[in-house]
file my_file07.cif (mmCIF, C-alpha atoms)
data_upload
loop_
_atom_site.label_atom_id
_atom_site.label_comp_id
_atom_site.auth_asym_id
_atom_site.auth_seq_id
_atom_site.Cartn_x
_atom_site.Cartn_y
_atom_site.Cartn_z
CA MET A 32 14.42 143.10 31.77
CA PRO A 33 14.45 139.97 29.58
CA ALA A 34 14.13 136.59 31.24
CA THR A 35 17.26 134.39 31.19
CA ASN A 36 18.01 130.77 31.99
CA VAL A 37 20.03 131.88 35.00
CA CYS A 38 17.29 133.25 37.21
CA VAL A 39 13.58 133.94 36.72
CA HIS A 40 11.69 135.28 39.72
CA ASN A 41 8.14 134.56 38.69
CA ASN A 42 5.75 132.84 41.03
CA SER A 43 3.77 131.48 38.12
CA HIS A 44 6.85 129.99 36.43
CA ASN A 45 8.72 127.89 38.98
CA LYS A 46 10.73 126.19 36.25
CA GLY A 47 12.88 129.30 36.12
CA ASP A 48 14.24 128.59 39.59
CA ILE A 49 16.49 125.82 38.29
CA PRO A 50 17.26 124.44 34.83
CA PRO A 51 15.02 121.56 33.74
CA LEU A 52 16.50 118.24 34.79
CA THR A 53 16.11 116.88 31.27
CA ARG A 54 18.26 119.75 30.00
CA VAL A 55 20.98 118.95 32.52
CA LEU A 56 20.88 115.26 31.62
CA SER A 57 21.01 116.09 27.91
CA HIS A 58 23.99 118.37 28.49
CA ASN A 59 25.83 115.68 30.45
CA LEU A 60 25.12 113.15 27.69
CA LYS A 61 26.63 115.47 25.09
CA ILE A 62 29.72 115.94 27.28
CA MET A 63 30.07 112.15 27.66
CA ASN A 64 29.81 111.64 23.89
CA ALA A 65 32.39 114.37 23.31
CA LYS A 66 34.80 112.68 25.70
CA ALA A 67 34.28 109.33 23.99
CA PHE A 68 35.05 111.02 20.66
CA ILE A 69 38.26 112.49 22.12
CA LEU A 70 39.34 109.01 23.25
CA LEU A 71 38.61 107.66 19.76
CA CYS A 72 40.73 110.42 18.20
CA TYR A 73 43.53 109.63 20.65
CA LEU A 74 43.44 105.94 19.72
CA THR A 75 43.52 106.81 16.02
CA ILE A 76 46.51 109.13 16.43
CA VAL A 77 48.45 106.53 18.44
CA SER A 78 47.76 103.91 15.76
CA ILE A 79 48.91 106.29 13.01
CA ALA A 80 52.07 107.15 14.95
CA GLU A 81 52.89 103.45 15.42
CA LEU A 82 52.32 102.75 11.72
CA VAL A 83 54.55 105.68 10.74
CA LEU A 84 57.26 104.56 13.16
CA THR A 85 57.16 101.00 11.85
CA TYR A 86 56.78 101.49 8.11
CA ASP A 87 57.86 105.02 7.25
CA SER A 88 59.85 107.43 9.40
CA VAL A 89 61.01 107.17 13.00
CA SER A 90 61.47 110.94 13.31
CA LEU A 91 57.99 111.64 11.93
CA GLY A 92 56.42 109.07 14.24
CA LEU A 93 58.19 110.60 17.23
CA SER A 94 57.02 114.05 16.15
CA ILE A 95 53.42 112.86 16.13
CA TYR A 96 53.84 111.49 19.64
CA VAL A 97 55.46 114.70 20.92
CA ILE A 98 52.61 116.79 19.48
CA LEU A 99 50.08 114.41 21.03
CA MET A 100 51.78 114.77 24.42
CA LEU A 101 51.67 118.57 24.19
CA VAL A 102 47.99 118.51 23.18
CA LEU A 103 47.11 116.24 26.10
CA VAL A 104 48.93 118.44 28.60
CA GLY A 105 47.38 121.61 27.15
CA TYR A 106 43.89 120.13 26.98
CA SER A 107 44.08 118.89 30.56
CA SER A 108 45.06 122.42 31.63
CA LEU A 109 42.02 123.85 29.81
CA HIS A 110 39.77 121.31 31.49
CA THR A 111 41.25 122.27 34.85
CA MET A 112 40.24 125.87 34.14
CA TYR A 113 36.75 124.71 33.14
CA ARG A 114 36.47 122.68 36.33
CA ASP A 115 37.39 125.72 38.42
CA LYS A 116 34.79 127.79 36.58
CA LEU A 117 32.22 125.11 37.23
CA LYS A 118 33.20 125.09 40.88
CA ASN A 119 32.34 128.76 41.23
CA GLY A 120 29.66 128.73 38.54
CA VAL A 121 26.61 130.89 38.23
CA TRP A 122 24.20 128.02 38.86
CA GLU A 123 25.72 127.28 42.25
CA LYS A 124 25.40 130.95 43.19
CA HIS A 125 21.83 130.97 41.93
CA LEU A 126 20.96 127.88 43.95
CA LEU A 127 22.48 129.44 47.05
CA PHE A 128 20.46 132.64 46.68
CA SER A 129 17.29 130.77 45.77
CA ARG A 130 17.68 128.73 48.94
CA ILE A 131 18.25 131.78 51.16
CA LEU A 132 16.09 134.44 49.52
CA LYS A 133 13.41 132.47 47.69
CA PRO A 134 13.09 128.83 48.69
CA SER A 135 11.64 126.68 45.95
CA PRO A 136 8.43 124.81 46.74
CA ASP A 137 9.94 121.85 44.92
CA GLY A 138 12.99 121.05 47.01
CA LYS A 139 13.32 117.65 45.35
CA LYS A 140 14.13 119.25 42.00
CA ILE A 141 16.81 121.42 43.60
CA ASN A 142 18.36 118.39 45.29
CA LEU A 143 18.35 116.52 41.99
CA PHE A 144 20.03 119.42 40.26
CA ILE A 145 22.68 119.71 42.99
CA LYS A 146 23.35 116.01 42.57
CA GLU A 147 23.70 116.42 38.79
CA LEU A 148 26.03 119.38 39.28
CA ASP A 149 28.22 117.41 41.68
CA GLU A 150 28.32 114.50 39.22
CA THR A 151 29.35 116.89 36.42
CA LYS A 152 32.22 118.25 38.52
CA THR A 153 33.29 114.72 39.44
CA SER A 154 33.19 113.78 35.75
CA GLU A 155 35.41 116.76 34.88
CA ASN A 156 37.90 115.78 37.58
CA ASN A 157 37.92 112.22 36.24
CA PHE A 158 38.47 113.39 32.67
CA ILE A 159 41.41 115.56 33.69
CA GLY A 160 42.87 112.44 35.30
CA VAL A 161 42.25 110.44 32.12
CA LEU A 162 44.05 113.02 29.98
CA LYS A 163 47.07 112.82 32.26
CA CYS A 164 47.01 109.02 32.16
CA LEU A 165 46.87 108.99 28.37
CA THR A 166 50.29 110.69 28.23
CA LEU A 167 51.83 107.39 29.38
CA ALA A 168 51.43 105.53 26.07
CA PRO A 169 53.21 108.23 24.00
CA LEU A 170 55.84 108.49 26.73
CA ILE A 171 56.53 104.75 26.49
CA ARG A 172 57.21 104.99 22.77
CA ILE A 173 59.18 108.25 22.93
CA MET A 174 61.52 106.77 25.52
CA SER A 175 61.86 103.37 23.84
CA VAL A 176 62.81 104.94 20.49
CA SER A 177 64.87 107.93 21.56
CA MET A 178 67.03 106.37 24.31
CA PRO A 179 70.52 105.19 23.20
CA LEU A 180 70.07 101.47 23.86
CA SER A 181 71.87 99.86 20.92
CA SER A 182 75.05 99.18 22.89
CA LEU A 183 73.18 97.27 25.62
CA GLU A 184 71.78 93.76 25.74
CA GLN A 185 68.17 93.79 24.59
CA VAL A 186 66.80 92.44 27.86
CA ASN A 187 68.24 95.49 29.65
CA TRP A 188 66.27 97.81 27.37
CA TYR A 189 63.12 97.05 29.33
CA LEU A 190 64.87 97.98 32.56
CA LEU A 191 66.16 101.36 31.36
CA ILE A 192 62.94 102.33 29.59
CA ASN A 193 60.65 101.48 32.48
CA LEU A 194 62.62 102.94 35.39
CA PRO A 195 61.83 106.56 34.38
CA LEU A 196 58.26 105.48 33.61
CA PHE A 197 57.85 104.23 37.17
CA ALA A 198 58.84 107.68 38.41
CA VAL A 199 56.21 109.30 36.18
CA VAL A 200 53.58 106.78 37.27
CA PHE A 201 54.42 107.41 40.93
CA LEU A 202 53.95 111.17 40.50
CA LEU A 203 50.71 110.59 38.58
CA LEU A 204 49.33 108.36 41.32
CA ARG A 205 50.24 110.91 43.97
CA SER A 206 48.49 113.68 42.05
CA GLN A 207 45.33 111.53 41.97
CA SER A 208 45.69 110.44 45.62
CA GLN A 209 45.65 106.77 44.62
CA SER A 210 47.35 103.93 46.45
CA TRP A 211 48.68 100.64 45.12
CA ARG A 212 45.71 98.92 46.75
CA ASP A 213 43.35 101.23 44.87
CA LEU A 214 44.91 100.04 41.61
CA GLY A 215 44.37 96.41 42.50
CA PHE A 216 47.64 95.09 43.88
CA THR A 217 45.99 92.77 46.38
CA ALA A 218 45.85 89.03 46.97
CA GLY A 219 42.09 88.75 46.61
CA ARG A 220 40.54 85.68 44.93
CA LEU A 221 43.84 83.82 45.08
CA PRO A 222 42.73 80.64 43.22
CA ILE A 223 41.55 82.70 40.24
CA GLN A 224 44.76 84.73 40.27
CA LEU A 225 46.87 81.56 40.21
CA LEU A 226 44.90 80.16 37.27
CA VAL A 227 45.29 83.43 35.36
CA ALA A 228 49.02 83.47 36.13
CA LEU A 229 49.46 79.90 34.86
CA ALA A 230 47.63 80.85 31.67
CA GLY A 231 50.71 82.92 30.87
CA PHE A 232 52.57 79.76 29.78
CA PHE A 233 49.84 78.92 27.27
CA LEU A 234 49.67 82.51 25.99
CA GLY A 235 53.46 82.57 25.66
CA MET A 236 53.36 79.44 23.50
CA ILE A 237 50.83 81.02 21.16
CA ASP A 238 52.74 84.29 20.95
CA TYR A 239 55.99 82.45 20.26
CA SER A 240 54.39 80.46 17.44
CA LEU A 241 53.23 83.72 15.85
CA LEU A 242 56.45 85.75 16.16
CA GLN A 243 59.28 83.20 16.49
CA PRO A 244 61.46 85.75 18.34
CA SER A 245 65.17 85.29 18.95
CA PRO A 246 66.13 84.48 22.55
CA LEU A 247 67.14 87.33 24.83
CA ILE A 248 69.81 85.19 26.50
CA VAL A 249 72.74 83.21 25.13
CA THR A 250 72.11 79.93 26.93
CA LEU A 251 69.31 78.56 29.11
CA SER A 252 71.28 78.29 32.33
CA PRO A 253 70.35 79.54 35.83
CA GLU A 254 72.96 82.31 35.82
CA ASN A 255 71.70 83.57 32.44
CA PHE A 256 68.00 83.01 33.14
CA ILE A 257 67.15 84.40 36.59
CA ALA A 258 68.01 88.10 36.15
CA PRO A 259 66.39 88.46 32.68
CA ALA A 260 63.30 86.61 33.95
CA LEU A 261 62.94 89.06 36.83
CA ILE A 262 63.41 91.99 34.46
CA LEU A 263 60.66 90.72 32.15
CA LEU A 264 58.36 90.00 35.08
CA VAL A 265 58.74 93.45 36.64
CA PHE A 266 59.44 95.70 33.67
CA THR A 267 56.99 94.20 31.18
CA GLY A 268 54.40 92.28 33.21
CA PHE A 269 54.14 94.63 36.16
CA SER A 270 54.73 97.92 34.34
CA GLU A 271 52.45 97.30 31.36
CA GLU A 272 49.56 95.94 33.41
CA LEU A 273 49.94 98.83 35.83
CA ILE A 274 49.77 101.36 32.98
CA PHE A 275 47.18 99.79 30.68
CA ARG A 276 44.81 98.05 33.09
CA GLY A 277 45.48 99.65 36.47
CA ILE A 278 45.67 103.26 35.27
CA ILE A 279 44.24 103.74 31.77
CA GLN A 280 41.39 101.21 31.89
CA ARG A 281 40.49 102.10 35.46
CA ASN A 282 40.32 105.83 34.69
CA THR A 283 38.48 105.56 31.37
CA ASP A 284 35.94 103.25 33.03
CA GLY A 285 34.53 106.27 34.86
CA ILE A 286 34.23 108.25 31.61
CA ILE A 287 32.84 105.87 28.98
CA GLY A 288 31.71 102.87 31.02
CA GLY A 289 33.05 99.41 31.72
CA TYR A 290 32.78 97.51 28.44
CA LYS A 291 33.79 100.54 26.33
CA SER A 292 36.85 101.17 28.48
CA LEU A 293 37.72 97.46 28.16
CA ILE A 294 37.59 97.65 24.35
CA PHE A 295 39.39 101.02 24.24
CA THR A 296 42.27 99.83 26.43
CA SER A 297 42.58 96.54 24.53
CA LEU A 298 42.76 98.38 21.20
CA LEU A 299 45.35 100.77 22.61
CA PHE A 300 47.35 97.85 24.00
CA ALA A 301 47.26 96.19 20.57
CA ALA A 302 48.19 99.43 18.78
CA MET A 303 51.35 99.66 20.87
CA HIS A 304 52.37 96.27 19.40
CA ILE A 305 52.13 97.33 15.75
CA GLY A 306 55.93 97.46 15.66
CA TRP A 307 56.09 93.66 15.71
CA ASN A 308 54.89 93.79 12.09
CA SER A 309 52.49 90.86 12.40
CA LEU A 310 48.74 91.14 11.84
CA PRO A 311 47.99 87.73 13.45
CA ASP A 312 49.97 88.76 16.53
CA LEU A 313 48.16 92.11 16.60
CA CYS A 314 44.82 90.28 16.75
CA PHE A 315 46.18 87.93 19.39
CA VAL A 316 47.42 90.82 21.55
CA PHE A 317 44.00 92.48 21.28
CA PHE A 318 42.25 89.37 22.60
CA VAL A 319 44.86 89.01 25.35
CA GLY A 320 44.11 92.61 26.30
CA LEU A 321 40.40 91.78 26.43
CA PHE A 322 41.15 88.75 28.61
CA TYR A 323 43.36 90.66 31.06
CA GLY A 324 40.98 93.62 31.12
CA PHE A 325 37.97 91.40 31.78
CA ILE A 326 39.76 89.64 34.63
CA TYR A 327 40.71 93.03 36.08
CA GLN A 328 37.12 94.29 35.87
CA LYS A 329 35.75 91.20 37.61
CA THR A 330 38.41 90.71 40.31
CA LYS A 331 39.59 94.30 40.83
CA THR A 332 43.14 93.02 41.24
CA LEU A 333 46.24 93.17 39.03
CA SER A 334 48.20 90.40 40.74
CA GLY A 335 47.20 87.50 38.50
CA ILE A 336 47.38 89.32 35.18
CA THR A 337 50.72 90.89 36.12
CA LEU A 338 52.21 87.43 36.74
CA SER A 339 50.53 86.06 33.61
CA HIS A 340 51.92 88.85 31.42
CA GLY A 341 55.40 88.39 32.82
CA ILE A 342 55.25 84.60 32.40
CA THR A 343 54.05 85.04 28.81
CA ASN A 344 57.14 87.09 27.95
CA ILE A 345 59.46 84.78 29.88
CA THR A 346 58.06 81.79 27.99
CA MET A 347 58.36 83.34 24.52
CA PHE A 348 61.70 85.15 24.95
CA LEU A 349 63.66 82.94 27.36
CA LEU A 350 62.27 79.40 27.38
CA LEU A 351 60.75 78.38 24.06
CA PRO A 352 63.61 79.60 21.82
CA PHE A 353 65.69 76.83 23.43
CA ILE A 354 62.98 74.23 24.10
CA ALA A 355 60.77 74.39 21.00
#

call {"tool": "encode", "arguments": {"input": "my_file07.cif", "output": "structure tokens"}}
result
Amino acid sequence: MPATNVCVHNNSHNKGDIPPLTRVLSHNLKIMNAKAFILLCYLTIVSIAELVLTYDSVSLGLSIYVILMLVLVGYSSLHTMYRDKLKNGVWEKHLLFSRILKPSPDGKKINLFIKELDETKTSENNFIGVLKCLTLAPLIRIMSVSMPLSSLEQVNWYLLINLPLFAVVFLLLRSQSQSWRDLGFTAGRLPIQLLVALAGFFLGMIDYSLLQPSPLIVTLSPENFIAPALILLVFTGFSEELIFRGIIQRNTDGIIGGYKSLIFTSLLFAAMHIGWNSLPDLCFVFFVGLFYGFIYQKTKTLSGITLSHGITNITMFLLLPFIA
């Protein structure tokens, strides 16, 4: 009977009892690189879809997003099947029998392999979660373009687009057994959070100087200002930081590492602003994404950057068009 990598009962060749640790590590490294490549492809497709939507065809851009959504859902299903196979895999059975029937003289190697196997399964679970999270960016654009919003005031667009998104986010968080505290909605490091929030006024001034947007309200009066300000705070500041930093960056962190997830999320955040048709603003948004993402990584809280993002939009859409 030919020897296989699954099981070799040979007293003179103990390496057959378990796969070499270097082989397991090499396999995990290849998996990690493949996942990073998938994220790069995703970012490229989102950028192409945004460019097509902005400069060519809305219907074609939406089609790209719909196909991307279907691929993400299908791919996450395949990874779920792979995870289940791994859960009941041949190596686990082999380790069980080798423990019971033929204990290895090198128990340390077996423990190391079990640890590597558990880490691989955890990585697969994390990647399935990442694939589900990545459906949020296409969903944002599909809803913002396809919903009949032209008859409504522009400030109310954010409300109607984000309400269904909140429902999707809630279901996603429940499927991952995550709480709002897990995402970072805490009051930790309050002085830093207040400074970050106040930075929103400065960021709003820069963004306004780059885009010169029209005001979202008719006059700067309390009755016209308060409701739109709350809408921008909750349905742009809160929702976008929840999705991009709290969900996407947090989940990709466990797949490609901290600084890579920071860059990936910032590039994705910038790509979703291609529709503003301004290269300087695109660069600015990327660096804002880096700033918010860095603060989130260091403080593990979304409170300050949520307020800062909302204040940025309030400054550029409600205040400066009348004050500047």

call {"tool": "residues_around", "arguments": {"input": "my_file07.cif", "residues": "stretch 207-210 of chain A", "least_positions_apart": "4", "cutoff": "8 Å", "atoms": "all atoms listed in the file", "output": "number ranges by chain"}}
result
A: 160, 203, 214

call {"tool": "residues_around", "arguments": {"input": "my_file07.cif", "residues": "A:Arg281", "least_positions_apart": "4", "cutoff": "8 Å", "atoms": "all atoms listed in the file", "output": "list in words"}}
result
Leu214, Arg276, Gly277, Gly285 and Ser292 of chain A

call {"tool": "atom_distance", "arguments": {"input": "my_file07.cif", "atom1": "atom CA of A:Leu170", "atom2": "atom CA of A:Ile79"}}
result
15.5 Å

call {"tool": "residues_around", "arguments": {"input": "my_file07.cif", "residues": "A:Leu351", "least_positions_apart": "2", "cutoff": "10 Å", "atoms": "all atoms listed in the file", "output": "list in words"}}
result
Gly235, Met236, Tyr239, Ser240, Gln243, Pro244, Ser245, Pro246, Leu251, Ile345, Thr346, Met347, Phe348, Leu349, Phe353, Ile354 and Ala355 of chain A

call {"tool": "write_last_selection", "arguments": {"input": "my_file07.cif", "atoms": "C-alpha atoms", "output": "short mmCIF file (atom, residue, chain, number, x, y, z; two decimals), keeping the file's coordinate frame"}}
result
data_model
loop_
_atom_site.label_atom_id
_atom_site.label_comp_id
_atom_site.auth_asym_id
_atom_site.auth_seq_id
_atom_site.Cartn_x
_atom_site.Cartn_y
_atom_site.Cartn_z
CA GLY A 235 53.46 82.57 25.66
CA MET A 236 53.36 79.44 23.50
CA TYR A 239 55.99 82.45 20.26
CA SER A 240 54.39 80.46 17.44
CA GLN A 243 59.28 83.20 16.49
CA PRO A 244 61.46 85.75 18.34
CA SER A 245 65.17 85.29 18.95
CA PRO A 246 66.13 84.48 22.55
CA LEU A 251 69.31 78.56 29.11
CA ILE A 345 59.46 84.78 29.88
CA THR A 346 58.06 81.79 27.99
CA MET A 347 58.36 83.34 24.52
CA PHE A 348 61.70 85.15 24.95
CA LEU A 349 63.66 82.94 27.36
CA PHE A 353 65.69 76.83 23.43
CA ILE A 354 62.98 74.23 24.10
CA ALA A 355 60.77 74.39 21.00
#

call {"tool": "resolve_selection", "arguments": {"input": "my_file07.cif", "expression": "the PyMOL selection byres ((chain A and resi 325) around 12)", "output": "count of residues only"}}
result
28

call {"tool": "resolve_selection", "arguments": {"input": "my_file07.cif", "expression": "the PyMOL selection byres ((chain A and resi 220) around 10)", "output": "list in words"}}
result
Thr217, Ala218, Gly219, Leu221, Pro222, Ile223, Gln224, Leu225, Thr330, Lys331, Thr332, Ser334 and Gly335 of chain A

call {"tool": "closest_residue", "arguments": {"input": "my_file07.cif", "among": "A:Val102, A:Leu74, A:Leu82, A:Val161", "to": "A:His304", "atoms": "all atoms listed in the file"}}
result
A:Leu82

call {"tool": "closest_atom_pairs", "arguments": {"input": "my_file07.cif", "of": "stretch 224-325 of chain A", "to": "stretch 192-200 of chain A", "cutoff": "9 Å", "atoms": "all atoms listed in the file", "output": "JSON lines"}}
result
{"residue": "A:Phe266", "atom": "CA", "partner": "A:Asn193", "partner_atom": "CA", "distance": 6.0}
{"residue": "A:Thr267", "atom": "CA", "partner": "A:Asn193", "partner_atom": "CA", "distance": 8.3}
{"residue": "A:Ser270", "atom": "CA", "partner": "A:Asn193", "partner_atom": "CA", "distance": 7.2}
{"residue": "A:Leu273", "atom": "CA", "partner": "A:Val200", "partner_atom": "CA", "distance": 8.9}
{"residue": "A:Ile274", "atom": "CA", "partner": "A:Val200", "partner_atom": "CA", "distance": 7.9}
{"residue": "A:Ile278", "atom": "CA", "partner": "A:Val200", "partner_atom": "CA", "distance": 8.9}

call {"tool": "closest_residue", "arguments": {"input": "my_file07.cif", "among": "A:Asn282, A:Ile305, A:Leu190, A:Arg172", "to": "A:Leu204", "atoms": "all atoms listed in the file"}}
result
A:Asn282

call {"tool": "closest_residue", "arguments": {"input": "my_file07.cif", "among": "A:Thr75, A:Asn308, A:Asn344, A:Gln185", "to": "A:Phe295", "atoms": "all atoms listed in the file"}}
result
A:Thr75

call {"tool": "decode", "arguments": {"input": "my_file07.cif", "residues": "stretch 187-217 of chain A", "atoms": "N, CA and C atoms", "output": "PDB file, in the first residue's frame"}}
result
ATOM      1  N   ASN A 187     -33.239  64.450   2.339  1.00  0.00           N
ATOM      2  CA  ASN A 187     -34.016  63.270   2.722  1.00  0.00           C
ATOM      3  C   ASN A 187     -33.559  62.009   1.995  1.00  0.00           C
ATOM      4  N   TRP A 188     -32.745  62.170   0.958  1.00  0.00           N
ATOM      5  CA  TRP A 188     -32.217  60.995   0.261  1.00  0.00           C
ATOM      6  C   TRP A 188     -31.410  60.124   1.225  1.00  0.00           C
ATOM      7  N   TYR A 189     -30.593  60.786   2.040  1.00  0.00           N
ATOM      8  CA  TYR A 189     -29.747  60.038   2.972  1.00  0.00           C
ATOM      9  C   TYR A 189     -30.589  59.214   3.944  1.00  0.00           C
ATOM     10  N   LEU A 190     -31.713  59.778   4.346  1.00  0.00           N
ATOM     11  CA  LEU A 190     -32.606  59.087   5.271  1.00  0.00           C
ATOM     12  C   LEU A 190     -33.180  57.826   4.634  1.00  0.00           C
ATOM     13  N   LEU A 191     -33.731  57.951   3.430  1.00  0.00           N
ATOM     14  CA  LEU A 191     -34.398  56.823   2.784  1.00  0.00           C
ATOM     15  C   LEU A 191     -33.414  55.748   2.326  1.00  0.00           C
ATOM     16  N   ILE A 192     -32.219  56.153   1.939  1.00  0.00           N
ATOM     17  CA  ILE A 192     -31.224  55.171   1.497  1.00  0.00           C
ATOM     18  C   ILE A 192     -30.688  54.370   2.678  1.00  0.00           C
ATOM     19  N   ASN A 193     -30.477  55.040   3.794  1.00  0.00           N
ATOM     20  CA  ASN A 193     -29.797  54.388   4.911  1.00  0.00           C
ATOM     21  C   ASN A 193     -30.716  53.599   5.831  1.00  0.00           C
ATOM     22  N   LEU A 194     -31.998  53.895   5.848  1.00  0.00           N
ATOM     23  CA  LEU A 194     -32.902  53.121   6.699  1.00  0.00           C
ATOM     24  C   LEU A 194     -32.887  51.631   6.343  1.00  0.00           C
ATOM     25  N   PRO A 195     -33.055  51.254   5.062  1.00  0.00           N
ATOM     26  CA  PRO A 195     -32.939  49.821   4.731  1.00  0.00           C
ATOM     27  C   PRO A 195     -31.544  49.267   5.010  1.00  0.00           C
ATOM     28  N   LEU A 196     -30.512  50.102   4.832  1.00  0.00           N
ATOM     29  CA  LEU A 196     -29.147  49.645   5.115  1.00  0.00           C
ATOM     30  C   LEU A 196     -28.977  49.285   6.587  1.00  0.00           C
ATOM     31  N   PHE A 197     -29.601  50.060   7.464  1.00  0.00           N
ATOM     32  CA  PHE A 197     -29.519  49.755   8.889  1.00  0.00           C
ATOM     33  C   PHE A 197     -30.115  48.382   9.188  1.00  0.00           C
ATOM     34  N   ALA A 198     -31.203  48.050   8.490  1.00  0.00           N
ATOM     35  CA  ALA A 198     -31.810  46.733   8.689  1.00  0.00           C
ATOM     36  C   ALA A 198     -30.852  45.623   8.263  1.00  0.00           C
ATOM     37  N   VAL A 199     -30.185  45.823   7.122  1.00  0.00           N
ATOM     38  CA  VAL A 199     -29.214  44.834   6.635  1.00  0.00           C
ATOM     39  C   VAL A 199     -28.042  44.716   7.604  1.00  0.00           C
ATOM     40  N   VAL A 200     -27.550  45.859   8.076  1.00  0.00           N
ATOM     41  CA  VAL A 200     -26.429  45.857   9.020  1.00  0.00           C
ATOM     42  C   VAL A 200     -26.816  45.143  10.308  1.00  0.00           C
ATOM     43  N   PHE A 201     -28.032  45.380  10.784  1.00  0.00           N
ATOM     44  CA  PHE A 201     -28.502  44.729  12.008  1.00  0.00           C
ATOM     45  C   PHE A 201     -28.516  43.210  11.844  1.00  0.00           C
ATOM     46  N   LEU A 202     -29.029  42.730  10.712  1.00  0.00           N
ATOM     47  CA  LEU A 202     -29.052  41.284  10.460  1.00  0.00           C
ATOM     48  C   LEU A 202     -27.640  40.726  10.341  1.00  0.00           C
ATOM     49  N   LEU A 203     -26.756  41.493   9.705  1.00  0.00           N
ATOM     50  CA  LEU A 203     -25.366  41.054   9.557  1.00  0.00           C
ATOM     51  C   LEU A 203     -24.688  40.938  10.917  1.00  0.00           C
ATOM     52  N   LEU A 204     -24.911  41.916  11.776  1.00  0.00           N
ATOM     53  CA  LEU A 204     -24.302  41.879  13.105  1.00  0.00           C
ATOM     54  C   LEU A 204     -24.848  40.722  13.927  1.00  0.00           C
ATOM     55  N   ARG A 205     -26.114  40.431  13.786  1.00  0.00           N
ATOM     56  CA  ARG A 205     -26.696  39.305  14.513  1.00  0.00           C
ATOM     57  C   ARG A 205     -26.112  37.986  14.034  1.00  0.00           C
ATOM     58  N   SER A 206     -25.895  37.866  12.719  1.00  0.00           N
ATOM     59  CA  SER A 206     -25.329  36.622  12.180  1.00  0.00           C
ATOM     60  C   SER A 206     -23.899  36.406  12.655  1.00  0.00           C
ATOM     61  N   GLN A 207     -23.195  37.492  12.995  1.00  0.00           N
ATOM     62  CA  GLN A 207     -21.818  37.393  13.476  1.00  0.00           C
ATOM     63  C   GLN A 207     -21.725  37.496  15.000  1.00  0.00           C
ATOM     64  N   SER A 208     -22.892  37.554  15.654  1.00  0.00           N
ATOM     65  CA  SER A 208     -22.947  37.629  17.126  1.00  0.00           C
ATOM     66  C   SER A 208     -22.125  38.796  17.663  1.00  0.00           C
ATOM     67  N   GLN A 209     -22.254  39.950  17.009  1.00  0.00           N
ATOM     68  CA  GLN A 209     -21.524  41.140  17.430  1.00  0.00           C
ATOM     69  C   GLN A 209     -22.486  42.145  18.051  1.00  0.00           C
ATOM     70  N   SER A 210     -22.002  42.845  19.055  1.00  0.00           N
ATOM     71  CA  SER A 210     -22.792  43.888  19.707  1.00  0.00           C
ATOM     72  C   SER A 210     -22.287  45.258  19.275  1.00  0.00           C
ATOM     73  N   TRP A 211     -23.048  46.292  19.613  1.00  0.00           N
ATOM     74  CA  TRP A 211     -22.617  47.652  19.292  1.00  0.00           C
ATOM     75  C   TRP A 211     -21.323  47.994  20.027  1.00  0.00           C
ATOM     76  N   ARG A 212     -21.173  47.462  21.228  1.00  0.00           N
ATOM     77  CA  ARG A 212     -19.931  47.696  21.981  1.00  0.00           C
ATOM     78  C   ARG A 212     -18.743  47.041  21.285  1.00  0.00           C
ATOM     79  N   ASP A 213     -18.970  45.862  20.704  1.00  0.00           N
ATOM     80  CA  ASP A 213     -17.892  45.194  19.970  1.00  0.00           C
ATOM     81  C   ASP A 213     -17.394  46.054  18.813  1.00  0.00           C
ATOM     82  N   LEU A 214     -18.310  46.782  18.181  1.00  0.00           N
ATOM     83  CA  LEU A 214     -17.944  47.619  17.039  1.00  0.00           C
ATOM     84  C   LEU A 214     -17.223  48.894  17.459  1.00  0.00           C
ATOM     85  N   GLY A 215     -17.390  49.288  18.708  1.00  0.00           N
ATOM     86  CA  GLY A 215     -16.661  50.466  19.177  1.00  0.00           C
ATOM     87  C   GLY A 215     -17.529  51.642  19.559  1.00  0.00           C
ATOM     88  N   PHE A 216     -18.816  51.426  19.777  1.00  0.00           N
ATOM     89  CA  PHE A 216     -19.666  52.536  20.206  1.00  0.00           C
ATOM     90  C   PHE A 216     -19.611  52.637  21.731  1.00  0.00           C
ATOM     91  N   THR A 217     -18.495  53.202  22.190  1.00  0.00           N
ATOM     92  CA  THR A 217     -18.255  53.401  23.613  1.00  0.00           C
ATOM     93  C   THR A 217     -17.757  54.830  23.828  1.00  0.00           C
TER      94      THR A 217
END
